[in-house]
Structures are given as C-alpha cells and as structure tokens.
Amino acid sequence: MRETKGLVNALVGYIQSTLEDNRVEEKGVENCVCVLRNLSYQLYSELPPSVMMRLEGPSRAQVQSHGEAIGCFTPQSKKAKDRQDKDLTTFTEVARVPNDIEWLWHPMVVKLYNRILQTCEVNTVTREAAAGALQNITAGDKRWAYILSRVALEHERMLPVVLDQLRTTNDSELRSLTGFLRNLSRHGRDKNDMATKMVNVLLGKLPADGLQKEPSTDVIVNICGTLNNLVTCSEVAARDISYFDGLPKLVGIKTSHDSSAQKVRAATAASTVLSNMFQYKKLQKEYKKKGFQKEDFLDMA
C-alpha cells in the first residue's frame with residue numbers, strides 16, 4: 001500500500017490544504033492522518049534494503065571514529081558538534097522535496113505532524129494518530145529514528161508541545177504521546193536539559209500506586225521507560241524524581257498491585273527506574289531523608 005502511486009502525496013496534500021484553511025478538525029483529516037500512522041508502523045523493518053542502506057548512512061564503526069553520540073556519551077569537541085549540526089541541515093539521504101512514500105520518513109513530515117498537534121484542538125483521534133505516527137518514525141535503534149528524533153527536538157522544538165498535550169485524559173492519546181516521549185528521551189542528546197523539562201510533568205501523570213485503574217499500563221510503562229532513559233544518563237533526572245515526590249508513586253506502583261500480567265509489567269518498569277536511581281550514591285542520603293531505604297530500590301526478583 002505504501003508503494004501505491006500518488007497515495008501518500010494525496011494524503012499529505014489534503015492535510016496541508018486543511019491546515020491552511022483552518023479545517024484540521026474535519027473527519028477527512030482524521031482519516032488521512034490515521035492512514036499515515038498505519039503506513040509508518042514498523043516502517044524501518046519493512047523498507048527496501050536499498051532505502052535503509054541510504055538512511056543508515058555510515059557504518060557504526062565510522063560513526064564512532066568520527067565522534068558521533070553513542071548512548072549517553074556525547075562528543076565534546078567543537079568539530080564533532082559542528083558536524084552533527086550540519087547533519088540536521090543537509091539531509092543528503094533524502095530528496096529536498098519528498099515524493100509519495102518518501103514522505104513517511106522525510107524530516108518535513110515531522111513539521112506536518114507538529115502543526116497538527118498544535119492546531120487540532122477538538123478531534124482527539126486526529127491528535128492521537130499524529131502522535132502515533134511520530135512514535136512510529138522515532139522508534140527503535142535505527143540511525144534515522146535518531147535523526148528524526150533530533151529534528152523533532154532541535155528543529156521543531158516539539159518537547160513543550162508534546163508535554164502540553166499530556167493534559168489530556170484520553171488514554172489512547174496518552175499512549176501515543178508517552179510512547180513518542182519515550183523515543184525522544186532515548187535519542188535526545190542533552191538528557192539533563194530534558195530531565196529538567198520533563199520529570200515533573202511525567203510524574204504528574206503517574207498513579208499513586210499499582211491499584212489504580214487509570215492511566216493504563218501502557219501509559220505507565222511508557223512514562224517509566226522515559227524516566228529510565230533519563231535516569232540512566234542523568235543524575236539530574238534522579239534528583240528531580242526525588243525532589244518532585246516521584247518516589248512514593250514509583251514505590252507504590254512497584255509494591256502495591258494485583259497479580260495480573262499488566263500490573264506486574266508496570267511494577268517491573270517502576271522497579272527498573274528505582275534500581276537505576278540508586279546507582280547515584282550522592283543522592284542516597286536524600287532518598288533516606290524522604291523515608292526510603294535501600295530495599296525500596298532493589299530490582300524485582
């Protein structure tokens with residue numbers, strides 16, 4: 001279906017025209033964005049090898065030899081940083097103007113989804129589909145997922161937009177938004193900066209313990225996954241979780257729950273965050289002041 005001539009161009013063209021005419025709430029837009037989300041599902045595992053080879057760029061060994069960020073470690077030299085910034089302005093892997101299927105992974109589609117999230121105020125299905133598409137194209141460990149995450153964070157400045165969207169009580173929307181945030185937290189370069197902006201907002205969406213019915217397990221797991229991505233690379237994240245009283249919630253999710261598979265999955269996600277928080281020895285005294293002992297942070301058996 002992705003290869004159907006003219007399909008993706010027509011979908012994108014229709015969405016663009018409704019954005020210009022302030023008609024983004026229409027059912028037709030909802031349908032188009034839902035189709036784009038579905039077409040972007042598992043995108044990188046289903047693209048032709050020739051396309052993926054182009055999007056993957058240099059080999060991992062070449063990337064490391066040139067100092068590109070791997071995991072939590074970022075190159076400090078000005079030359080390396082300049083080269084990374086140049087990567088986000090040239091995009092030699094894609095055409096300047098996308099055509100049909102290329103829209104699905106082109107940096108310009110991030111801008112399109114961002115506009116939808118910012119202008120669609122009523123139709124939650126459309127917003128959920130846009131966030132879901134963004135989640136799809138930033139998911140996984142492929143280089144292009146990392147690139148598009150950086151486009152979202154650094155070019156489109158989407159982090160405040162997505163965090164603001166978390167005010168919704170619609171669980172389907174929250175699943176897509178928190179899934180997208182989880183990907184951004186994985187691929188983002190400045191984990192300390194992300195932590196200062198994200199931690200308090202994310203903690204506000206967590207339930208008091210594992211006995212609550214809302215939000216869903218998927219949302220809780222996404223939030224815990226996001227927090228864990230930050231904590232493993234940033235002491236600031238661990239500090240802020242403690243400061244904004246996230247410990248009672250995480251411990252509650254870990255320890256107070258029924259034996260269902262979903263609740264155990266949420267408990268395991270919370271346990272992983274707590275375990276990694278305890279690795280920061282300088283913060284252990286602060287944890288103790290708040291009434292938490294080493295046993296609270298131990299990984300679930």
# chains A, B, ... in the order shown; residues from 1 in each chain; ligands from 1
call {"tool": "residues_around", "arguments": {"residues": "A:Ala152", "least_positions_apart": "2", "cutoff": "9 Å", "atoms": "only C-alpha atoms", "output": "list of chain:residue names"}}
result
A:Pro107, A:Val110, A:Lys111, A:Asn114, A:Leu134, A:Ile147, A:Leu148, A:Ser149, A:Arg150, A:Glu154, A:His155, A:Glu156, A:Arg157, A:Met158, A:Leu159, A:Leu184
call {"tool": "residues_around", "arguments": {"residues": "stretch 242-249 of chain A", "least_positions_apart": "3", "cutoff": "12 Å", "atoms": "only C-alpha atoms", "output": "number ranges by chain"}}
result
A: 195-196, 198-212, 220, 223-224, 227, 231, 235-239, 252-256, 266-267, 270-271, 273-275, 277-278, 280, 283-293, 296-297
call {"tool": "closest_residue", "arguments": {"among": "A:Tyr41, A:Ile101, A:Arg175, A:Met52", "to": "A:Thr4", "atoms": "only C-alpha atoms"}}
result
A:Ile101
call {"tool": "atom_distance", "arguments": {"atom1": "atom CA of A:Leu117", "atom2": "atom CA of A:Ser185"}}
result
19.0 Å
call {"tool": "closest_residue", "arguments": {"among": "A:Gln118, A:Thr92, A:Gln279, A:Thr138", "to": "A:Leu104", "atoms": "only C-alpha atoms"}}
result
A:Thr138
call {"tool": "select_by_dssp", "arguments": {"residues": "stretch 57-286 of chain A", "states": "helix (DSSP H, G or I)", "output": "CSV table (one decimal) with N, CA and C atoms, in the first residue's frame"}}
result
chain,number,residue,atom,x,y,z
A,60,ARG,N,28.5,1.9,11.9
A,60,ARG,CA,28.6,2.2,13.3
A,60,ARG,C,30.1,2.5,13.6
A,61,ALA,N,31.0,1.8,13.0
A,61,ALA,CA,32.4,2.0,13.3
A,61,ALA,C,32.9,3.3,12.8
A,62,GLN,N,32.4,3.7,11.6
A,62,GLN,CA,32.7,5.0,11.0
A,62,GLN,C,32.1,6.1,11.9
A,63,VAL,N,30.9,5.9,12.4
A,63,VAL,CA,30.2,6.9,13.2
A,63,VAL,C,31.0,7.2,14.5
A,64,GLN,N,31.5,6.1,15.1
A,64,GLN,CA,32.2,6.2,16.3
A,64,GLN,C,33.6,6.9,16.1
A,65,SER,N,34.2,6.5,15.0
A,65,SER,CA,35.5,7.1,14.7
A,65,SER,C,35.4,8.6,14.4
A,78,LYS,N,34.4,20.8,19.4
A,78,LYS,CA,33.5,21.7,18.6
A,78,LYS,C,33.4,21.1,17.2
A,79,LYS,N,34.4,20.5,16.7
A,79,LYS,CA,34.4,19.9,15.4
A,79,LYS,C,33.3,18.9,15.3
A,80,ALA,N,33.2,18.0,16.3
A,80,ALA,CA,32.2,16.9,16.3
A,80,ALA,C,30.8,17.5,16.4
A,81,LYS,N,30.7,18.5,17.2
A,81,LYS,CA,29.3,19.1,17.4
A,81,LYS,C,28.9,19.8,16.1
A,82,ASP,N,29.9,20.5,15.5
A,82,ASP,CA,29.6,21.2,14.2
A,82,ASP,C,29.1,20.2,13.1
A,83,ARG,N,29.8,19.0,13.1
A,83,ARG,CA,29.4,18.0,12.1
A,83,ARG,C,28.0,17.5,12.4
A,84,GLN,N,27.7,17.3,13.6
A,84,GLN,CA,26.4,16.8,14.0
A,84,GLN,C,25.3,17.8,13.6
A,85,ASP,N,25.6,19.1,13.9
A,85,ASP,CA,24.6,20.1,13.5
A,85,ASP,C,24.4,20.2,12.0
A,86,LYS,N,25.5,20.0,11.3
A,86,LYS,CA,25.4,20.0,9.8
A,86,LYS,C,24.6,18.9,9.3
A,87,ASP,N,24.6,17.7,10.0
A,87,ASP,CA,23.8,16.6,9.6
A,87,ASP,C,22.3,16.9,9.6
A,88,LEU,N,21.9,17.8,10.4
A,88,LEU,CA,20.5,18.2,10.5
A,88,LEU,C,20.1,19.3,9.5
A,89,THR,N,21.0,19.8,8.8
A,89,THR,CA,20.7,20.8,7.8
A,89,THR,C,20.8,20.4,6.4
A,90,THR,N,21.6,19.3,6.2
A,90,THR,CA,21.9,18.9,4.8
A,90,THR,C,20.9,17.8,4.3
A,100,ASP,N,5.7,11.0,-2.6
A,100,ASP,CA,5.0,9.8,-2.2
A,100,ASP,C,5.6,9.1,-1.0
A,101,ILE,N,6.0,7.9,-1.1
A,101,ILE,CA,6.4,7.1,0.0
A,101,ILE,C,7.5,7.8,0.9
A,102,GLU,N,8.3,8.6,0.3
A,102,GLU,CA,9.4,9.2,1.0
A,102,GLU,C,8.9,10.2,2.1
A,103,TRP,N,7.6,10.7,1.9
A,103,TRP,CA,7.0,11.5,2.9
A,103,TRP,C,7.0,10.8,4.3
A,104,LEU,N,6.9,9.5,4.3
A,104,LEU,CA,6.7,8.7,5.5
A,104,LEU,C,7.9,8.9,6.5
A,107,PRO,N,12.1,14.4,6.9
A,107,PRO,CA,12.0,15.4,8.0
A,107,PRO,C,10.9,16.4,7.9
A,108,MET,N,10.4,16.6,6.7
A,108,MET,CA,9.3,17.6,6.6
A,108,MET,C,8.0,17.0,7.2
A,109,VAL,N,7.9,15.7,7.3
A,109,VAL,CA,6.6,15.1,7.8
A,109,VAL,C,6.6,15.4,9.4
A,110,VAL,N,7.7,15.5,10.0
A,110,VAL,CA,7.7,15.9,11.4
A,110,VAL,C,7.1,17.2,11.6
A,111,LYS,N,7.4,18.2,10.7
A,111,LYS,CA,6.8,19.5,10.8
A,111,LYS,C,5.3,19.4,10.6
A,112,LEU,N,4.9,18.6,9.7
A,112,LEU,CA,3.4,18.4,9.4
A,112,LEU,C,2.7,17.9,10.6
A,113,TYR,N,3.2,16.9,11.3
A,113,TYR,CA,2.6,16.3,12.5
A,113,TYR,C,2.6,17.3,13.6
A,114,ASN,N,3.7,18.1,13.7
A,114,ASN,CA,3.8,19.1,14.7
A,114,ASN,C,2.7,20.2,14.6
A,115,ARG,N,2.4,20.6,13.3
A,115,ARG,CA,1.4,21.6,13.1
A,115,ARG,C,0.0,21.0,13.4
A,116,ILE,N,-0.2,19.7,13.2
A,116,ILE,CA,-1.5,19.1,13.5
A,116,ILE,C,-1.7,19.1,15.0
A,117,LEU,N,-0.6,18.7,15.8
A,117,LEU,CA,-0.8,18.7,17.2
A,117,LEU,C,-1.0,20.1,17.8
A,118,GLN,N,-0.5,21.1,17.2
A,118,GLN,CA,-0.6,22.4,17.7
A,118,GLN,C,-2.0,23.1,17.3
A,119,THR,N,-2.5,22.7,16.2
A,119,THR,CA,-3.7,23.3,15.7
A,119,THR,C,-5.0,22.6,15.9
A,124,THR,N,-9.7,14.4,19.1
A,124,THR,CA,-8.6,13.7,19.8
A,124,THR,C,-8.1,12.5,19.0
A,125,VAL,N,-8.9,12.0,18.1
A,125,VAL,CA,-8.4,10.9,17.2
A,125,VAL,C,-7.3,11.3,16.3
A,126,THR,N,-7.5,12.5,15.7
A,126,THR,CA,-6.5,13.1,14.8
A,126,THR,C,-5.2,13.3,15.6
A,127,ARG,N,-5.3,13.9,16.8
A,127,ARG,CA,-4.1,14.2,17.6
A,127,ARG,C,-3.4,12.9,17.9
A,128,GLU,N,-4.2,11.9,18.3
A,128,GLU,CA,-3.6,10.6,18.7
A,128,GLU,C,-2.9,10.0,17.5
A,129,ALA,N,-3.5,10.1,16.3
A,129,ALA,CA,-2.9,9.5,15.1
A,129,ALA,C,-1.6,10.2,14.8
A,130,ALA,N,-1.5,11.5,14.9
A,130,ALA,CA,-0.3,12.3,14.6
A,130,ALA,C,0.8,11.9,15.6
A,131,ALA,N,0.4,11.8,16.9
A,131,ALA,CA,1.4,11.4,17.9
A,131,ALA,C,1.9,10.0,17.7
A,132,GLY,N,0.9,9.1,17.2
A,132,GLY,CA,1.3,7.7,16.9
A,132,GLY,C,2.2,7.6,15.8
A,133,ALA,N,2.0,8.4,14.7
A,133,ALA,CA,2.9,8.4,13.6
A,133,ALA,C,4.3,8.9,14.0
A,134,LEU,N,4.4,9.9,14.8
A,134,LEU,CA,5.7,10.4,15.3
A,134,LEU,C,6.3,9.3,16.2
A,135,GLN,N,5.6,8.6,17.0
A,135,GLN,CA,6.1,7.5,17.7
A,135,GLN,C,6.7,6.4,16.8
A,136,ASN,N,6.0,6.1,15.7
A,136,ASN,CA,6.4,5.1,14.8
A,136,ASN,C,7.8,5.4,14.1
A,137,ILE,N,7.9,6.7,13.7
A,137,ILE,CA,9.1,7.0,12.9
A,137,ILE,C,10.3,7.3,13.8
A,143,ARG,N,19.5,4.5,12.8
A,143,ARG,CA,20.0,5.8,12.8
A,143,ARG,C,19.0,6.9,12.4
A,144,TRP,N,18.0,6.5,11.5
A,144,TRP,CA,17.1,7.5,11.0
A,144,TRP,C,16.0,7.8,12.1
A,145,ALA,N,15.8,6.9,13.0
A,145,ALA,CA,14.9,7.2,14.1
A,145,ALA,C,15.5,8.2,15.0
A,146,TYR,N,16.8,8.1,15.2
A,146,TYR,CA,17.6,9.0,16.0
A,146,TYR,C,17.6,10.4,15.3
A,147,ILE,N,17.8,10.4,14.0
A,147,ILE,CA,17.8,11.7,13.2
A,147,ILE,C,16.5,12.4,13.4
A,148,LEU,N,15.4,11.7,13.1
A,148,LEU,CA,14.1,12.3,13.2
A,148,LEU,C,13.7,12.8,14.6
A,149,SER,N,14.2,12.1,15.6
A,149,SER,CA,14.0,12.5,17.0
A,149,SER,C,14.7,13.8,17.2
A,150,ARG,N,15.9,14.0,16.7
A,150,ARG,CA,16.6,15.2,16.8
A,150,ARG,C,15.9,16.3,16.0
A,151,VAL,N,15.4,16.0,14.9
A,151,VAL,CA,14.6,17.0,14.1
A,151,VAL,C,13.4,17.5,15.0
A,152,ALA,N,12.7,16.6,15.6
A,152,ALA,CA,11.6,16.9,16.5
A,152,ALA,C,12.0,17.8,17.6
A,153,LEU,N,13.2,17.5,18.3
A,153,LEU,CA,13.6,18.2,19.4
A,153,LEU,C,14.3,19.5,19.1
A,154,GLU,N,15.2,19.5,18.1
A,154,GLU,CA,16.0,20.7,17.9
A,154,GLU,C,15.5,21.6,16.8
A,155,HIS,N,14.9,21.0,15.7
A,155,HIS,CA,14.4,21.9,14.6
A,155,HIS,C,13.0,22.4,14.9
A,159,LEU,N,9.2,19.4,22.2
A,159,LEU,CA,9.1,18.9,23.5
A,159,LEU,C,8.0,19.7,24.3
A,160,PRO,N,8.0,21.0,24.3
A,160,PRO,CA,7.0,21.7,25.1
A,160,PRO,C,5.6,21.5,24.5
A,161,VAL,N,5.5,21.3,23.2
A,161,VAL,CA,4.2,21.0,22.6
A,161,VAL,C,3.7,19.7,23.1
A,162,VAL,N,4.5,18.6,23.1
A,162,VAL,CA,4.1,17.3,23.5
A,162,VAL,C,3.8,17.2,25.0
A,163,LEU,N,4.6,17.9,25.8
A,163,LEU,CA,4.3,17.9,27.2
A,163,LEU,C,3.0,18.6,27.5
A,164,ASP,N,2.7,19.7,26.8
A,164,ASP,CA,1.4,20.4,27.0
A,164,ASP,C,0.2,19.5,26.6
A,165,GLN,N,0.4,18.6,25.6
A,165,GLN,CA,-0.6,17.7,25.2
A,165,GLN,C,-1.0,16.7,26.3
A,171,ASP,N,-6.9,8.1,27.2
A,171,ASP,CA,-5.9,7.2,27.4
A,171,ASP,C,-5.2,6.8,26.0
A,172,SER,N,-5.9,6.7,24.9
A,172,SER,CA,-5.3,6.3,23.7
A,172,SER,C,-4.3,7.4,23.2
A,173,GLU,N,-4.7,8.7,23.5
A,173,GLU,CA,-3.9,9.8,23.1
A,173,GLU,C,-2.6,9.8,24.0
A,174,LEU,N,-2.8,9.5,25.3
A,174,LEU,CA,-1.7,9.4,26.2
A,174,LEU,C,-0.7,8.3,25.9
A,175,ARG,N,-1.2,7.2,25.4
A,175,ARG,CA,-0.3,6.1,25.0
A,175,ARG,C,0.6,6.5,23.9
A,176,SER,N,0.0,7.2,22.9
A,176,SER,CA,0.9,7.6,21.7
A,176,SER,C,1.8,8.8,22.1
A,177,LEU,N,1.3,9.7,22.9
A,177,LEU,CA,2.2,10.8,23.3
A,177,LEU,C,3.4,10.3,24.2
A,178,THR,N,3.1,9.5,25.2
A,178,THR,CA,4.1,9.0,26.1
A,178,THR,C,5.1,8.0,25.3
A,179,GLY,N,4.5,7.3,24.3
A,179,GLY,CA,5.4,6.5,23.5
A,179,GLY,C,6.4,7.3,22.7
A,180,PHE,N,5.9,8.4,22.2
A,180,PHE,CA,6.8,9.4,21.4
A,180,PHE,C,7.8,10.0,22.4
A,181,LEU,N,7.4,10.4,23.6
A,181,LEU,CA,8.3,11.0,24.5
A,181,LEU,C,9.4,10.0,24.9
A,182,ARG,N,9.0,8.7,25.1
A,182,ARG,CA,10.0,7.7,25.4
A,182,ARG,C,11.0,7.6,24.3
A,183,ASN,N,10.6,7.6,23.1
A,183,ASN,CA,11.6,7.6,22.0
A,183,ASN,C,12.5,8.9,22.0
A,184,LEU,N,11.9,10.0,22.2
A,184,LEU,CA,12.7,11.3,22.3
A,184,LEU,C,13.7,11.2,23.4
A,185,SER,N,13.3,10.7,24.6
A,185,SER,CA,14.2,10.6,25.7
A,185,SER,C,15.4,9.6,25.4
A,186,ARG,N,15.1,8.6,24.6
A,186,ARG,CA,16.2,7.7,24.2
A,186,ARG,C,17.2,8.3,23.3
A,187,HIS,N,16.7,9.1,22.3
A,187,HIS,CA,17.6,9.6,21.3
A,187,HIS,C,18.1,11.0,21.5
A,191,LYS,N,20.4,15.0,28.0
A,191,LYS,CA,19.5,14.4,29.0
A,191,LYS,C,19.2,15.2,30.2
A,192,ASN,N,20.2,16.0,30.6
A,192,ASN,CA,20.0,16.9,31.8
A,192,ASN,C,18.9,17.9,31.5
A,193,ASP,N,19.0,18.6,30.3
A,193,ASP,CA,18.1,19.6,29.9
A,193,ASP,C,16.7,19.0,29.8
A,194,MET,N,16.6,17.8,29.2
A,194,MET,CA,15.3,17.1,29.0
A,194,MET,C,14.7,16.8,30.4
A,195,ALA,N,15.6,16.4,31.3
A,195,ALA,CA,15.1,16.0,32.6
A,195,ALA,C,14.4,17.2,33.3
A,196,THR,N,15.0,18.3,33.3
A,196,THR,CA,14.5,19.5,34.0
A,196,THR,C,13.1,19.9,33.4
A,197,LYS,N,12.9,19.6,32.1
A,197,LYS,CA,11.6,20.0,31.5
A,197,LYS,C,10.6,18.9,31.6
A,198,MET,N,11.0,17.6,31.7
A,198,MET,CA,10.0,16.5,31.6
A,198,MET,C,9.6,15.9,32.9
A,199,VAL,N,10.5,15.7,33.9
A,199,VAL,CA,10.3,14.9,35.0
A,199,VAL,C,9.0,15.3,35.8
A,200,ASN,N,8.9,16.5,36.1
A,200,ASN,CA,7.7,16.9,36.9
A,200,ASN,C,6.4,16.7,36.2
A,201,VAL,N,6.4,17.0,34.9
A,201,VAL,CA,5.2,16.7,34.1
A,201,VAL,C,4.8,15.2,34.1
A,202,LEU,N,5.8,14.4,33.8
A,202,LEU,CA,5.6,13.0,33.7
A,202,LEU,C,5.1,12.4,35.0
A,203,LEU,N,5.7,12.8,36.1
A,203,LEU,CA,5.3,12.3,37.4
A,203,LEU,C,3.9,12.7,37.7
A,204,GLY,N,3.4,13.8,37.2
A,204,GLY,CA,2.0,14.2,37.4
A,204,GLY,C,1.0,13.3,36.8
A,205,LYS,N,1.5,12.5,35.8
A,205,LYS,CA,0.6,11.6,35.1
A,205,LYS,C,0.6,10.2,35.7
A,217,THR,N,-1.8,0.5,31.8
A,217,THR,CA,-0.5,0.0,32.0
A,217,THR,C,0.5,0.5,30.9
A,218,ASP,N,0.0,0.6,29.6
A,218,ASP,CA,0.9,1.0,28.6
A,218,ASP,C,1.4,2.4,28.8
A,219,VAL,N,0.5,3.3,29.3
A,219,VAL,CA,1.0,4.7,29.6
A,219,VAL,C,2.0,4.7,30.8
A,220,ILE,N,1.7,3.9,31.8
A,220,ILE,CA,2.6,3.8,33.0
A,220,ILE,C,4.0,3.3,32.5
A,221,VAL,N,4.0,2.3,31.7
A,221,VAL,CA,5.2,1.7,31.2
A,221,VAL,C,6.0,2.7,30.3
A,222,ASN,N,5.3,3.4,29.5
A,222,ASN,CA,5.9,4.4,28.7
A,222,ASN,C,6.6,5.5,29.5
A,223,ILE,N,5.8,6.0,30.6
A,223,ILE,CA,6.4,7.0,31.4
A,223,ILE,C,7.6,6.5,32.2
A,224,CYS,N,7.5,5.3,32.7
A,224,CYS,CA,8.6,4.8,33.5
A,224,CYS,C,9.8,4.5,32.5
A,225,GLY,N,9.5,4.1,31.3
A,225,GLY,CA,10.6,4.0,30.3
A,225,GLY,C,11.3,5.3,30.0
A,226,THR,N,10.5,6.3,29.9
A,226,THR,CA,11.0,7.7,29.6
A,226,THR,C,11.9,8.1,30.8
A,227,LEU,N,11.4,8.0,32.0
A,227,LEU,CA,12.2,8.3,33.2
A,227,LEU,C,13.4,7.5,33.3
A,228,ASN,N,13.4,6.2,32.9
A,228,ASN,CA,14.6,5.4,33.0
A,228,ASN,C,15.6,5.8,32.0
A,229,ASN,N,15.2,6.2,30.8
A,229,ASN,CA,16.1,6.7,29.7
A,229,ASN,C,16.9,7.9,30.2
A,230,LEU,N,16.2,8.7,31.0
A,230,LEU,CA,16.8,9.9,31.5
A,230,LEU,C,17.7,9.6,32.7
A,231,VAL,N,17.2,8.8,33.6
A,231,VAL,CA,17.9,8.5,34.8
A,231,VAL,C,19.3,7.8,34.5
A,235,GLU,N,22.1,12.3,36.4
A,235,GLU,CA,21.8,12.4,37.8
A,235,GLU,C,20.8,13.4,38.1
A,236,VAL,N,20.7,14.4,37.2
A,236,VAL,CA,19.6,15.5,37.4
A,236,VAL,C,18.2,14.9,37.4
A,237,ALA,N,18.0,13.9,36.5
A,237,ALA,CA,16.7,13.2,36.4
A,237,ALA,C,16.4,12.5,37.7
A,238,ALA,N,17.4,11.8,38.3
A,238,ALA,CA,17.1,11.1,39.5
A,238,ALA,C,16.9,12.1,40.6
A,239,ARG,N,17.6,13.1,40.7
A,239,ARG,CA,17.4,14.2,41.7
A,239,ARG,C,16.0,14.8,41.6
A,240,ASP,N,15.6,15.1,40.4
A,240,ASP,CA,14.3,15.7,40.2
A,240,ASP,C,13.1,14.7,40.5
A,241,ILE,N,13.3,13.5,40.2
A,241,ILE,CA,12.2,12.5,40.6
A,241,ILE,C,12.1,12.5,42.1
A,242,SER,N,13.2,12.6,42.9
A,242,SER,CA,13.1,12.6,44.3
A,242,SER,C,12.5,14.0,44.8
A,243,TYR,N,13.0,15.0,44.2
A,243,TYR,CA,12.5,16.4,44.6
A,243,TYR,C,11.0,16.6,44.4
A,247,LEU,N,9.2,9.4,44.2
A,247,LEU,CA,9.5,8.1,44.9
A,247,LEU,C,8.3,7.4,45.4
A,248,PRO,N,7.4,8.1,46.1
A,248,PRO,CA,6.2,7.4,46.7
A,248,PRO,C,5.4,6.7,45.5
A,249,LYS,N,5.3,7.4,44.4
A,249,LYS,CA,4.5,6.8,43.3
A,249,LYS,C,5.2,5.6,42.7
A,250,LEU,N,6.5,5.7,42.4
A,250,LEU,CA,7.2,4.6,41.9
A,250,LEU,C,7.2,3.4,42.8
A,251,VAL,N,7.5,3.6,44.1
A,251,VAL,CA,7.5,2.5,45.0
A,251,VAL,C,6.1,1.9,45.1
A,252,GLY,N,5.0,2.8,45.1
A,252,GLY,CA,3.7,2.3,45.2
A,252,GLY,C,3.3,1.5,44.0
A,253,ILE,N,3.7,1.9,42.8
A,253,ILE,CA,3.5,1.1,41.6
A,253,ILE,C,4.2,-0.3,41.6
A,254,LYS,N,5.4,-0.2,42.2
A,254,LYS,CA,6.2,-1.4,42.3
A,254,LYS,C,5.6,-2.4,43.3
A,255,THR,N,5.1,-1.9,44.4
A,255,THR,CA,4.8,-2.8,45.5
A,255,THR,C,3.3,-3.1,45.7
A,261,ALA,N,-0.9,-9.8,34.8
A,261,ALA,CA,0.3,-9.6,34.0
A,261,ALA,C,0.5,-8.1,33.7
A,262,GLN,N,-0.5,-7.4,33.4
A,262,GLN,CA,-0.4,-6.0,33.1
A,262,GLN,C,0.2,-5.2,34.3
A,263,LYS,N,-0.4,-5.4,35.5
A,263,LYS,CA,0.1,-4.7,36.7
A,263,LYS,C,1.5,-5.1,37.1
A,264,VAL,N,1.9,-6.4,36.8
A,264,VAL,CA,3.3,-6.8,37.1
A,264,VAL,C,4.2,-6.1,36.1
A,265,ARG,N,3.8,-5.9,34.9
A,265,ARG,CA,4.6,-5.3,33.9
A,265,ARG,C,4.9,-3.8,34.3
A,266,ALA,N,3.8,-3.1,34.8
A,266,ALA,CA,4.0,-1.8,35.3
A,266,ALA,C,4.9,-1.7,36.5
A,267,ALA,N,4.8,-2.7,37.4
A,267,ALA,CA,5.6,-2.8,38.6
A,267,ALA,C,7.1,-3.0,38.2
A,268,THR,N,7.3,-3.8,37.2
A,268,THR,CA,8.7,-4.1,36.7
A,268,THR,C,9.3,-2.8,36.1
A,269,ALA,N,8.5,-2.0,35.4
A,269,ALA,CA,9.0,-0.8,34.8
A,269,ALA,C,9.4,0.2,35.9
A,270,ALA,N,8.5,0.3,36.9
A,270,ALA,CA,8.8,1.2,38.0
A,270,ALA,C,10.1,0.8,38.8
A,271,SER,N,10.2,-0.5,39.0
A,271,SER,CA,11.3,-1.1,39.7
A,271,SER,C,12.6,-0.8,39.0
A,272,THR,N,12.6,-0.8,37.7
A,272,THR,CA,13.8,-0.6,36.9
A,272,THR,C,14.3,0.9,37.1
A,273,VAL,N,13.4,1.8,37.1
A,273,VAL,CA,13.7,3.2,37.4
A,273,VAL,C,14.3,3.4,38.8
A,274,LEU,N,13.7,2.8,39.8
A,274,LEU,CA,14.2,2.9,41.1
A,274,LEU,C,15.6,2.3,41.3
A,275,SER,N,15.8,1.1,40.6
A,275,SER,CA,17.1,0.5,40.7
A,275,SER,C,18.2,1.4,40.1
A,276,ASN,N,17.9,2.0,39.0
A,276,ASN,CA,18.9,2.9,38.4
A,276,ASN,C,19.1,4.2,39.2
A,277,MET,N,18.0,4.6,39.8
A,277,MET,CA,18.2,5.8,40.7
A,277,MET,C,19.2,5.6,41.8
A,281,LYS,N,25.2,7.5,44.2
A,281,LYS,CA,25.5,7.4,45.7
A,281,LYS,C,25.3,8.7,46.4
A,282,LYS,N,25.5,9.8,45.7
A,282,LYS,CA,25.4,11.2,46.3
A,282,LYS,C,23.9,11.5,46.6
A,283,LEU,N,23.0,10.8,46.0
A,283,LEU,CA,21.6,11.1,46.2
A,283,LEU,C,21.0,10.1,47.3
A,284,GLN,N,21.7,9.1,47.7
A,284,GLN,CA,21.1,8.1,48.6
A,284,GLN,C,20.7,8.7,49.9
A,285,LYS,N,21.5,9.7,50.3
A,285,LYS,CA,21.1,10.4,51.6
A,285,LYS,C,19.8,11.2,51.5
A,286,GLU,N,19.6,11.7,50.3
A,286,GLU,CA,18.3,12.4,50.1
A,286,GLU,C,17.1,11.5,50.1
